[in-house]
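Below you'll find the structure, written out as structure tokens, and then a few comments.
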Amino acid sequence: MQRHAMLMYASCGWFFDELSGIETVQVMQYAARVVQLAEELFGNSIEQDFLEYLALAKSNIPDHGNGATVYEKFVKPAMLDLYRLGAHYAISSLFEDYGEHTRIYS
């Protein structure tokens, strides 16, 4: 959780022209991972509070609305969970022979 919290403070994500830019979305992805791990560790939901703060940031592109919308459009679909990890393993195992112990992602 600490590693992703530090990554979300990368300066490239904070000097942006648009919330939906690649750098800002990447920073939001790091922050989303912190939220995901914190909820798993502490057992309470904090994502809604996080979205309320993101909603305060307005996008320059009318279709994107605000930071919460950008999060829902670009960050949320990219989040990894156990189901998606299992799907990745199932598909990739068709092309790669995994041993008894292996590392997928990090």
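Residues are named by chain letter and number: chains run A, B, ... in the order of the structure tokens, numbers start at 1 in each chain, and ligands are numbered from 1 in the order shown.
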
What lies within 12 Å of segment 37-44 of chain A using only C-alpha atoms, ignoring chain neighbours under 6 positions off, as a list in words?
Met1, Gln2, Arg3, His4, Ala5, Tyr30, Ala31, Phe50, Met79, Leu80 and Asp81 of chain A

So, counting only C-alpha atoms, which residue among A:Leu94, A:Val27, A:Leu85, A:Val75 is closest to Met6 of chain A?
A:Val27

Using only C-alpha atoms for the distances, tell me which of A:Gly99, A:Cys12, A:Ser92, A:Lys58 is nearest to Val70 of chain A.
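Of the candidates, the smallest distance to Val70 of chain A is held by A:Lys58.
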
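Rounded to one decimal, atom CA of His64 of chain A and atom CA of Gln29 of chain A lie 16.6 Å from each other.
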
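Interatomic distance, atom CA of Ala90 of chain A to atom CA of Phe74 of chain A: 24.6 Å.
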
Tell me which of A:Ala32, A:Ala10, A:Leu51, A:Leu19 sits closest to Pro77 of chain A, counting only C-alpha atoms.
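Closest residue, counting only C-alpha atoms: A:Ala32.
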
Mind listing the helix (DSSP H, G or I) residues of chain A, per DSSP on the backbone, as a compact mmCIF listing (two decimals) with all heavy atoms, in the first residue's frame?
# COMPACT_ATOMS: atom_id res chain seq x y z
N GLN A 2 1.95 1.22 0.79
CA GLN A 2 2.84 2.38 0.85
C GLN A 2 3.53 2.64 -0.49
O GLN A 2 3.65 3.79 -0.91
CB GLN A 2 3.89 2.20 1.94
CG GLN A 2 4.81 3.38 2.10
CD GLN A 2 5.84 3.17 3.19
OE1 GLN A 2 5.98 2.09 3.74
NE2 GLN A 2 6.58 4.21 3.51
N ARG A 3 3.92 1.58 -1.17
CA ARG A 3 4.58 1.73 -2.47
C ARG A 3 3.68 2.46 -3.46
O ARG A 3 4.10 3.41 -4.12
CB ARG A 3 4.96 0.36 -3.02
CG ARG A 3 5.58 0.40 -4.40
CD ARG A 3 5.96 -1.02 -4.84
NE ARG A 3 6.57 -1.00 -6.13
CZ ARG A 3 5.91 -1.13 -7.28
NH1 ARG A 3 4.60 -1.30 -7.28
NH2 ARG A 3 6.54 -1.10 -8.43
N HIS A 4 2.43 2.06 -3.54
CA HIS A 4 1.51 2.71 -4.46
C HIS A 4 1.15 4.13 -4.00
O HIS A 4 0.92 5.01 -4.83
CB HIS A 4 0.25 1.86 -4.65
CG HIS A 4 0.51 0.67 -5.52
ND1 HIS A 4 0.96 -0.53 -5.01
CD2 HIS A 4 0.41 0.51 -6.85
CE1 HIS A 4 1.11 -1.37 -6.01
NE2 HIS A 4 0.79 -0.77 -7.13
N ALA A 5 1.12 4.33 -2.70
CA ALA A 5 0.86 5.68 -2.20
C ALA A 5 1.99 6.62 -2.61
O ALA A 5 1.76 7.77 -2.96
CB ALA A 5 0.71 5.67 -0.68
N MET A 6 3.22 6.13 -2.57
CA MET A 6 4.34 6.96 -2.99
C MET A 6 4.32 7.20 -4.50
O MET A 6 4.61 8.30 -4.97
CB MET A 6 5.66 6.31 -2.56
CG MET A 6 5.83 6.34 -1.04
SD MET A 6 7.30 5.49 -0.48
CE MET A 6 8.56 6.57 -1.11
N LEU A 7 3.96 6.17 -5.26
CA LEU A 7 3.90 6.32 -6.72
C LEU A 7 2.85 7.34 -7.15
O LEU A 7 3.02 8.03 -8.16
CB LEU A 7 3.60 4.97 -7.37
CG LEU A 7 4.74 3.95 -7.34
CD1 LEU A 7 4.23 2.58 -7.80
CD2 LEU A 7 5.90 4.41 -8.19
N SER A 11 5.32 13.62 -9.83
CA SER A 11 5.04 15.00 -10.22
C SER A 11 4.38 15.12 -11.58
O SER A 11 3.60 16.04 -11.81
CB SER A 11 6.33 15.82 -10.20
OG SER A 11 7.26 15.31 -11.14
N CYS A 12 4.65 14.17 -12.49
CA CYS A 12 4.06 14.28 -13.83
C CYS A 12 2.53 14.21 -13.78
O CYS A 12 1.86 14.72 -14.67
CB CYS A 12 4.60 13.19 -14.74
SG CYS A 12 4.19 11.51 -14.22
N GLY A 13 1.97 13.60 -12.76
CA GLY A 13 0.53 13.50 -12.66
C GLY A 13 -0.14 14.73 -12.08
O GLY A 13 -1.36 14.87 -12.13
N ILE A 22 -2.94 10.89 -19.85
CA ILE A 22 -2.35 9.62 -19.48
C ILE A 22 -1.62 9.67 -18.13
O ILE A 22 -1.70 8.73 -17.33
CB ILE A 22 -1.41 9.10 -20.60
CG1 ILE A 22 -0.97 7.67 -20.32
CG2 ILE A 22 -0.23 10.03 -20.80
CD1 ILE A 22 -0.27 7.01 -21.48
N GLU A 23 -0.93 10.77 -17.85
CA GLU A 23 -0.19 10.86 -16.60
C GLU A 23 -1.13 10.92 -15.40
O GLU A 23 -0.91 10.26 -14.37
CB GLU A 23 0.72 12.11 -16.59
CG GLU A 23 1.77 12.13 -17.68
CD GLU A 23 1.28 12.77 -18.97
OE1 GLU A 23 0.07 13.09 -19.08
OE2 GLU A 23 2.12 12.95 -19.87
N THR A 24 -2.17 11.71 -15.51
CA THR A 24 -3.11 11.87 -14.41
C THR A 24 -3.90 10.59 -14.17
O THR A 24 -4.12 10.19 -13.02
CB THR A 24 -4.06 13.05 -14.68
OG1 THR A 24 -3.27 14.19 -15.04
CG2 THR A 24 -4.88 13.38 -13.46
N VAL A 25 -4.29 9.93 -15.23
CA VAL A 25 -5.00 8.66 -15.08
C VAL A 25 -4.09 7.63 -14.41
O VAL A 25 -4.52 6.86 -13.54
CB VAL A 25 -5.53 8.15 -16.44
CG1 VAL A 25 -6.04 6.72 -16.33
CG2 VAL A 25 -6.63 9.06 -16.94
N GLN A 26 -2.81 7.62 -14.77
CA GLN A 26 -1.86 6.69 -14.13
C GLN A 26 -1.75 6.96 -12.63
O GLN A 26 -1.76 6.04 -11.82
CB GLN A 26 -0.48 6.79 -14.78
CG GLN A 26 0.53 5.84 -14.18
CD GLN A 26 0.16 4.39 -14.37
OE1 GLN A 26 -0.10 3.95 -15.49
NE2 GLN A 26 0.11 3.62 -13.30
N VAL A 27 -1.68 8.23 -12.26
CA VAL A 27 -1.62 8.59 -10.84
C VAL A 27 -2.90 8.14 -10.13
O VAL A 27 -2.86 7.63 -9.01
CB VAL A 27 -1.37 10.11 -10.69
CG1 VAL A 27 -1.65 10.58 -9.28
CG2 VAL A 27 0.05 10.44 -11.08
N MET A 28 -4.04 8.31 -10.80
CA MET A 28 -5.30 7.85 -10.21
C MET A 28 -5.32 6.32 -10.08
O MET A 28 -5.91 5.79 -9.14
CB MET A 28 -6.49 8.31 -11.05
CG MET A 28 -6.87 9.75 -10.84
SD MET A 28 -8.47 10.06 -11.62
CE MET A 28 -8.11 11.52 -12.55
N GLN A 29 -4.67 5.62 -11.00
CA GLN A 29 -4.59 4.16 -10.89
C GLN A 29 -3.78 3.75 -9.67
O GLN A 29 -4.13 2.79 -8.98
CB GLN A 29 -4.01 3.55 -12.16
CG GLN A 29 -4.97 3.60 -13.33
CD GLN A 29 -4.38 3.09 -14.62
OE1 GLN A 29 -3.17 3.10 -14.83
NE2 GLN A 29 -5.24 2.64 -15.52
N TYR A 30 -2.69 4.45 -9.41
CA TYR A 30 -1.92 4.17 -8.19
C TYR A 30 -2.77 4.43 -6.95
O TYR A 30 -2.78 3.63 -6.01
CB TYR A 30 -0.66 5.03 -8.12
CG TYR A 30 0.38 4.74 -9.18
CD1 TYR A 30 1.04 5.77 -9.84
CD2 TYR A 30 0.72 3.43 -9.52
CE1 TYR A 30 2.01 5.51 -10.80
CE2 TYR A 30 1.69 3.17 -10.48
CZ TYR A 30 2.33 4.21 -11.11
OH TYR A 30 3.29 3.96 -12.05
N ALA A 31 -3.48 5.54 -6.96
CA ALA A 31 -4.34 5.88 -5.82
C ALA A 31 -5.46 4.85 -5.65
O ALA A 31 -5.80 4.46 -4.52
CB ALA A 31 -4.93 7.28 -5.99
N ALA A 32 -6.00 4.37 -6.76
CA ALA A 32 -7.06 3.35 -6.69
C ALA A 32 -6.54 2.06 -6.08
O ALA A 32 -7.25 1.38 -5.33
CB ALA A 32 -7.61 3.09 -8.09
N ARG A 33 -5.30 1.73 -6.37
CA ARG A 33 -4.70 0.53 -5.76
C ARG A 33 -4.54 0.72 -4.26
O ARG A 33 -4.76 -0.22 -3.49
CB ARG A 33 -3.37 0.20 -6.42
CG ARG A 33 -2.71 -1.05 -5.89
CD ARG A 33 -3.52 -2.29 -6.20
NE ARG A 33 -2.81 -3.47 -5.73
CZ ARG A 33 -3.38 -4.56 -5.27
NH1 ARG A 33 -4.70 -4.66 -5.25
NH2 ARG A 33 -2.66 -5.57 -4.87
N VAL A 34 -4.19 1.91 -3.83
CA VAL A 34 -4.11 2.20 -2.40
C VAL A 34 -5.48 2.02 -1.76
O VAL A 34 -5.62 1.40 -0.70
CB VAL A 34 -3.56 3.62 -2.14
CG1 VAL A 34 -3.67 3.99 -0.66
CG2 VAL A 34 -2.12 3.74 -2.62
N VAL A 35 -6.51 2.55 -2.41
CA VAL A 35 -7.88 2.41 -1.90
C VAL A 35 -8.25 0.94 -1.82
O VAL A 35 -8.79 0.46 -0.81
CB VAL A 35 -8.88 3.20 -2.79
CG1 VAL A 35 -10.31 2.82 -2.46
CG2 VAL A 35 -8.66 4.70 -2.65
N GLN A 36 -7.95 0.19 -2.87
CA GLN A 36 -8.28 -1.24 -2.91
C GLN A 36 -7.58 -1.99 -1.78
O GLN A 36 -8.21 -2.79 -1.07
CB GLN A 36 -7.85 -1.80 -4.27
CG GLN A 36 -8.29 -3.21 -4.56
CD GLN A 36 -7.81 -3.66 -5.95
OE1 GLN A 36 -6.74 -3.27 -6.41
NE2 GLN A 36 -8.63 -4.47 -6.61
N LEU A 37 -6.31 -1.75 -1.57
CA LEU A 37 -5.57 -2.42 -0.51
C LEU A 37 -6.02 -1.98 0.88
O LEU A 37 -6.11 -2.80 1.80
CB LEU A 37 -4.06 -2.19 -0.68
CG LEU A 37 -3.44 -2.85 -1.90
CD1 LEU A 37 -2.00 -2.38 -2.09
CD2 LEU A 37 -3.50 -4.37 -1.80
N ALA A 38 -6.31 -0.69 1.04
CA ALA A 38 -6.77 -0.19 2.33
C ALA A 38 -8.11 -0.80 2.72
O ALA A 38 -8.33 -1.18 3.88
CB ALA A 38 -6.87 1.34 2.30
N GLU A 39 -9.00 -0.92 1.73
CA GLU A 39 -10.30 -1.54 2.02
C GLU A 39 -10.13 -3.01 2.41
O GLU A 39 -10.80 -3.50 3.32
CB GLU A 39 -11.23 -1.41 0.81
CG GLU A 39 -11.71 0.00 0.60
CD GLU A 39 -12.63 0.14 -0.61
OE1 GLU A 39 -12.70 -0.77 -1.46
OE2 GLU A 39 -13.28 1.20 -0.69
N GLU A 40 -9.22 -3.68 1.74
CA GLU A 40 -8.96 -5.09 2.06
C GLU A 40 -8.33 -5.23 3.45
O GLU A 40 -8.68 -6.12 4.21
CB GLU A 40 -8.03 -5.67 0.99
CG GLU A 40 -7.82 -7.15 1.10
CD GLU A 40 -6.95 -7.66 -0.04
OE1 GLU A 40 -7.24 -7.34 -1.21
OE2 GLU A 40 -5.98 -8.37 0.24
N LEU A 41 -7.42 -4.34 3.77
CA LEU A 41 -6.70 -4.40 5.03
C LEU A 41 -7.56 -3.98 6.22
O LEU A 41 -7.60 -4.66 7.25
CB LEU A 41 -5.45 -3.53 4.97
CG LEU A 41 -4.56 -3.49 6.21
CD1 LEU A 41 -3.98 -4.87 6.48
CD2 LEU A 41 -3.44 -2.48 6.02
N PHE A 42 -8.28 -2.88 6.08
CA PHE A 42 -9.03 -2.32 7.20
C PHE A 42 -10.51 -2.70 7.21
O PHE A 42 -11.19 -2.50 8.21
CB PHE A 42 -8.89 -0.80 7.22
CG PHE A 42 -7.46 -0.35 7.34
CD1 PHE A 42 -6.87 0.38 6.33
CD2 PHE A 42 -6.69 -0.68 8.45
CE1 PHE A 42 -5.55 0.79 6.42
CE2 PHE A 42 -5.37 -0.29 8.55
CZ PHE A 42 -4.79 0.45 7.54
N GLU A 47 -13.69 4.13 -0.91
CA GLU A 47 -13.72 4.55 -2.30
C GLU A 47 -14.71 5.70 -2.53
O GLU A 47 -14.42 6.63 -3.28
CB GLU A 47 -14.05 3.38 -3.22
CG GLU A 47 -13.96 3.75 -4.68
CD GLU A 47 -14.24 2.58 -5.60
OE1 GLU A 47 -15.25 1.87 -5.37
OE2 GLU A 47 -13.46 2.37 -6.53
N GLN A 48 -15.85 5.66 -1.89
CA GLN A 48 -16.85 6.71 -2.08
C GLN A 48 -16.33 8.06 -1.62
O GLN A 48 -16.53 9.08 -2.28
CB GLN A 48 -18.16 6.37 -1.36
CG GLN A 48 -19.29 7.31 -1.70
CD GLN A 48 -19.59 7.39 -3.20
OE1 GLN A 48 -19.61 6.39 -3.91
NE2 GLN A 48 -19.80 8.59 -3.69
N ASP A 49 -15.63 8.09 -0.49
CA ASP A 49 -15.01 9.34 -0.01
C ASP A 49 -13.97 9.84 -1.03
O ASP A 49 -13.89 11.04 -1.31
CB ASP A 49 -14.35 9.13 1.35
CG ASP A 49 -15.34 8.84 2.44
OD1 ASP A 49 -16.52 9.24 2.31
OD2 ASP A 49 -14.95 8.21 3.44
N PHE A 50 -13.19 8.92 -1.56
CA PHE A 50 -12.18 9.26 -2.56
C PHE A 50 -12.85 9.86 -3.80
O PHE A 50 -12.39 10.88 -4.33
CB PHE A 50 -11.39 8.00 -2.92
CG PHE A 50 -10.31 8.21 -3.93
CD1 PHE A 50 -9.28 9.11 -3.72
CD2 PHE A 50 -10.31 7.48 -5.11
CE1 PHE A 50 -8.28 9.30 -4.67
CE2 PHE A 50 -9.32 7.65 -6.05
CZ PHE A 50 -8.30 8.56 -5.83
N LEU A 51 -13.96 9.27 -4.24
CA LEU A 51 -14.68 9.78 -5.41
C LEU A 51 -15.26 11.17 -5.16
O LEU A 51 -15.31 11.99 -6.08
CB LEU A 51 -15.78 8.81 -5.82
CG LEU A 51 -15.31 7.51 -6.45
CD1 LEU A 51 -16.49 6.56 -6.65
CD2 LEU A 51 -14.61 7.77 -7.76
N GLU A 52 -15.68 11.43 -3.94
CA GLU A 52 -16.21 12.77 -3.62
C GLU A 52 -15.12 13.83 -3.77
O GLU A 52 -15.37 14.93 -4.26
CB GLU A 52 -16.79 12.77 -2.22
CG GLU A 52 -18.10 12.01 -2.12
CD GLU A 52 -18.63 11.90 -0.70
OE1 GLU A 52 -18.17 12.66 0.19
OE2 GLU A 52 -19.51 11.05 -0.48
N TYR A 53 -13.90 13.50 -3.37
CA TYR A 53 -12.78 14.44 -3.55
C TYR A 53 -12.45 14.60 -5.03
O TYR A 53 -12.20 15.71 -5.50
CB TYR A 53 -11.54 13.98 -2.78
CG TYR A 53 -11.61 14.26 -1.31
CD1 TYR A 53 -11.74 13.24 -0.40
CD2 TYR A 53 -11.55 15.57 -0.83
CE1 TYR A 53 -11.82 13.49 0.96
CE2 TYR A 53 -11.62 15.84 0.53
CZ TYR A 53 -11.75 14.80 1.42
OH TYR A 53 -11.82 15.05 2.76
N LEU A 54 -12.43 13.49 -5.76
CA LEU A 54 -12.13 13.57 -7.20
C LEU A 54 -13.18 14.39 -7.95
O LEU A 54 -12.86 15.06 -8.93
CB LEU A 54 -12.05 12.17 -7.80
CG LEU A 54 -10.79 11.37 -7.50
CD1 LEU A 54 -10.90 9.98 -8.12
CD2 LEU A 54 -9.55 12.07 -8.01
N PRO A 62 -15.91 18.50 -21.68
CA PRO A 62 -17.27 18.37 -21.13
C PRO A 62 -17.75 16.92 -20.97
O PRO A 62 -18.44 16.61 -20.01
CB PRO A 62 -18.13 19.14 -22.12
CG PRO A 62 -17.20 20.13 -22.75
CD PRO A 62 -15.87 19.43 -22.81
N ASP A 63 -17.38 16.04 -21.89
CA ASP A 63 -17.83 14.65 -21.80
C ASP A 63 -17.27 13.92 -20.58
O ASP A 63 -17.85 12.93 -20.14
CB ASP A 63 -17.42 13.86 -23.06
CG ASP A 63 -18.23 14.27 -24.27
OD1 ASP A 63 -19.26 14.95 -24.10
OD2 ASP A 63 -17.82 13.91 -25.39
N HIS A 64 -16.15 14.40 -20.04
CA HIS A 64 -15.53 13.75 -18.89
C HIS A 64 -16.04 14.31 -17.56
O HIS A 64 -15.85 13.68 -16.52
CB HIS A 64 -14.01 13.84 -18.96
CG HIS A 64 -13.43 13.09 -20.10
ND1 HIS A 64 -13.89 11.87 -20.54
CD2 HIS A 64 -12.40 13.39 -20.93
CE1 HIS A 64 -13.19 11.45 -21.56
NE2 HIS A 64 -12.27 12.36 -21.83
N GLY A 67 -13.27 14.60 -12.02
CA GLY A 67 -12.33 13.54 -11.68
C GLY A 67 -13.00 12.22 -11.35
O GLY A 67 -12.46 11.15 -11.68
N ALA A 68 -14.16 12.26 -10.74
CA ALA A 68 -14.87 11.01 -10.42
C ALA A 68 -15.32 10.30 -11.69
O ALA A 68 -15.24 9.07 -11.78
CB ALA A 68 -16.06 11.30 -9.51
N THR A 69 -15.74 11.06 -12.67
CA THR A 69 -16.15 10.47 -13.95
C THR A 69 -14.96 9.87 -14.67
O THR A 69 -15.04 8.77 -15.23
CB THR A 69 -16.85 11.53 -14.84
OG1 THR A 69 -17.92 12.11 -14.11
CG2 THR A 69 -17.38 10.91 -16.11
N VAL A 70 -13.84 10.58 -14.66
CA VAL A 70 -12.60 10.07 -15.27
C VAL A 70 -12.20 8.77 -14.58
O VAL A 70 -11.82 7.79 -15.25
CB VAL A 70 -11.47 11.13 -15.19
CG1 VAL A 70 -10.13 10.53 -15.60
CG2 VAL A 70 -11.81 12.33 -16.05
N TYR A 71 -12.31 8.72 -13.27
CA TYR A 71 -11.99 7.52 -12.49
C TYR A 71 -12.89 6.36 -12.93
O TYR A 71 -12.41 5.25 -13.18
CB TYR A 71 -12.19 7.82 -11.01
CG TYR A 71 -11.94 6.66 -10.08
CD1 TYR A 71 -10.66 6.42 -9.58
CD2 TYR A 71 -12.96 5.82 -9.69
CE1 TYR A 71 -10.42 5.36 -8.70
CE2 TYR A 71 -12.74 4.76 -8.82
CZ TYR A 71 -11.46 4.55 -8.33
OH TYR A 71 -11.24 3.50 -7.47
N GLU A 72 -14.18 6.61 -13.04
CA GLU A 72 -15.12 5.55 -13.43
C GLU A 72 -14.90 5.08 -14.87
O GLU A 72 -15.06 3.90 -15.17
CB GLU A 72 -16.57 6.03 -13.25
CG GLU A 72 -16.98 6.26 -11.82
CD GLU A 72 -17.06 4.99 -10.99
OE1 GLU A 72 -17.20 3.89 -11.54
OE2 GLU A 72 -17.00 5.11 -9.76
N LYS A 73 -14.52 6.01 -15.77
CA LYS A 73 -14.33 5.68 -17.18
C LYS A 73 -13.01 4.97 -17.47
O LYS A 73 -12.96 4.05 -18.29
CB LYS A 73 -14.38 6.94 -18.05
CG LYS A 73 -15.74 7.49 -18.31
CD LYS A 73 -15.62 8.69 -19.25
CE LYS A 73 -16.96 9.26 -19.61
NZ LYS A 73 -16.82 10.43 -20.50
N PHE A 74 -11.93 5.44 -16.83
CA PHE A 74 -10.60 4.99 -17.22
C PHE A 74 -9.85 4.19 -16.16
O PHE A 74 -9.05 3.33 -16.50
CB PHE A 74 -9.74 6.19 -17.64
CG PHE A 74 -10.34 6.99 -18.75
CD1 PHE A 74 -10.80 8.27 -18.53
CD2 PHE A 74 -10.44 6.47 -20.03
CE1 PHE A 74 -11.37 9.02 -19.56
CE2 PHE A 74 -11.00 7.21 -21.07
CZ PHE A 74 -11.46 8.49 -20.83
N VAL A 75 -10.08 4.47 -14.91
CA VAL A 75 -9.33 3.82 -13.84
C VAL A 75 -10.01 2.53 -13.39
O VAL A 75 -9.39 1.47 -13.32
CB VAL A 75 -9.12 4.78 -12.64
CG1 VAL A 75 -8.43 4.08 -11.49
CG2 VAL A 75 -8.33 6.00 -13.09
N LYS A 76 -11.27 2.61 -13.08
CA LYS A 76 -12.01 1.47 -12.55
C LYS A 76 -11.94 0.25 -13.47
O LYS A 76 -11.70 -0.86 -13.01
CB LYS A 76 -13.45 1.90 -12.28
CG LYS A 76 -14.23 0.94 -11.46
CD LYS A 76 -13.96 1.15 -9.99
CE LYS A 76 -15.00 0.32 -9.23
NZ LYS A 76 -14.70 0.22 -7.84
N PRO A 77 -12.13 0.42 -14.79
CA PRO A 77 -12.06 -0.76 -15.67
C PRO A 77 -10.68 -1.41 -15.73
O PRO A 77 -10.55 -2.58 -16.08
CB PRO A 77 -12.44 -0.20 -17.05
CG PRO A 77 -13.18 1.05 -16.78
CD PRO A 77 -12.59 1.61 -15.52
N ALA A 78 -9.64 -0.67 -15.38
CA ALA A 78 -8.27 -1.20 -15.44
C ALA A 78 -7.84 -1.86 -14.14
O ALA A 78 -6.76 -2.46 -14.09
CB ALA A 78 -7.30 -0.07 -15.79
N LEU A 82 -8.89 -10.55 -8.12
CA LEU A 82 -8.57 -11.96 -8.19
C LEU A 82 -9.22 -12.63 -9.41
O LEU A 82 -8.61 -13.49 -10.05
CB LEU A 82 -9.00 -12.66 -6.89
CG LEU A 82 -8.46 -14.06 -6.68
CD1 LEU A 82 -6.94 -14.08 -6.75
CD2 LEU A 82 -8.92 -14.60 -5.35
N TYR A 83 -10.42 -12.22 -9.75
CA TYR A 83 -11.12 -12.78 -10.91
C TYR A 83 -10.33 -12.49 -12.20
O TYR A 83 -10.12 -13.38 -13.02
CB TYR A 83 -12.53 -12.18 -10.99
CG TYR A 83 -13.32 -12.63 -12.18
CD1 TYR A 83 -13.91 -13.89 -12.22
CD2 TYR A 83 -13.48 -11.80 -13.28
CE1 TYR A 83 -14.64 -14.30 -13.32
CE2 TYR A 83 -14.20 -12.20 -14.39
CZ TYR A 83 -14.78 -13.46 -14.39
OH TYR A 83 -15.49 -13.86 -15.50
N ARG A 84 -9.89 -11.25 -12.38
CA ARG A 84 -9.14 -10.89 -13.59
C ARG A 84 -7.77 -11.54 -13.60
O ARG A 84 -7.26 -11.90 -14.66
CB ARG A 84 -9.02 -9.37 -13.70
CG ARG A 84 -10.33 -8.72 -14.05
CD ARG A 84 -10.18 -7.24 -14.19
NE ARG A 84 -11.47 -6.65 -14.45
CZ ARG A 84 -11.64 -5.41 -14.83
NH1 ARG A 84 -10.61 -4.61 -15.01
NH2 ARG A 84 -12.86 -4.94 -15.03
N LEU A 85 -7.16 -11.68 -12.44
CA LEU A 85 -5.88 -12.36 -12.36
C LEU A 85 -6.04 -13.82 -12.79
O LEU A 85 -5.23 -14.35 -13.54
CB LEU A 85 -5.31 -12.29 -10.94
CG LEU A 85 -3.97 -12.97 -10.74
CD1 LEU A 85 -2.89 -12.25 -11.53
CD2 LEU A 85 -3.61 -13.01 -9.28
N GLY A 86 -7.10 -14.47 -12.32
CA GLY A 86 -7.38 -15.84 -12.71
C GLY A 86 -7.63 -15.97 -14.20
O GLY A 86 -7.17 -16.92 -14.85
N ALA A 87 -8.35 -15.01 -14.77
CA ALA A 87 -8.62 -15.01 -16.20
C ALA A 87 -7.32 -14.85 -16.99
O ALA A 87 -7.10 -15.54 -18.00
CB ALA A 87 -9.60 -13.91 -16.56
N HIS A 88 -6.45 -13.96 -16.53
CA HIS A 88 -5.16 -13.77 -17.19
C HIS A 88 -4.35 -15.06 -17.15
O HIS A 88 -3.77 -15.48 -18.16
CB HIS A 88 -4.37 -12.64 -16.51
CG HIS A 88 -2.97 -12.55 -17.01
ND1 HIS A 88 -2.66 -11.98 -18.21
CD2 HIS A 88 -1.79 -12.97 -16.48
CE1 HIS A 88 -1.35 -12.05 -18.40
NE2 HIS A 88 -0.81 -12.66 -17.36
N TYR A 89 -4.32 -15.71 -15.99
CA TYR A 89 -3.58 -16.96 -15.85
C TYR A 89 -4.15 -18.02 -16.78
O TYR A 89 -3.41 -18.73 -17.46
CB TYR A 89 -3.62 -17.44 -14.40
CG TYR A 89 -2.93 -18.77 -14.20
CD1 TYR A 89 -1.55 -18.84 -14.11
CD2 TYR A 89 -3.66 -19.95 -14.13
CE1 TYR A 89 -0.91 -20.06 -13.95
CE2 TYR A 89 -3.04 -21.17 -13.97
CZ TYR A 89 -1.67 -21.22 -13.88
OH TYR A 89 -1.04 -22.42 -13.72
N ALA A 90 -5.47 -18.14 -16.83
CA ALA A 90 -6.10 -19.16 -17.67
C ALA A 90 -5.76 -18.96 -19.14
O ALA A 90 -5.39 -19.91 -19.84
CB ALA A 90 -7.61 -19.13 -17.46
N ILE A 91 -5.88 -17.72 -19.61
CA ILE A 91 -5.59 -17.45 -21.02
C ILE A 91 -4.10 -17.59 -21.32
O ILE A 91 -3.71 -18.23 -22.30
CB ILE A 91 -6.08 -16.04 -21.43
CG1 ILE A 91 -7.60 -15.93 -21.28
CG2 ILE A 91 -5.64 -15.68 -22.84
CD1 ILE A 91 -8.40 -16.84 -22.18
N SER A 92 -3.26 -17.01 -20.48
CA SER A 92 -1.82 -17.06 -20.76
C SER A 92 -1.26 -18.47 -20.62
O SER A 92 -0.25 -18.80 -21.25
CB SER A 92 -1.06 -16.08 -19.86
OG SER A 92 -1.17 -16.47 -18.50
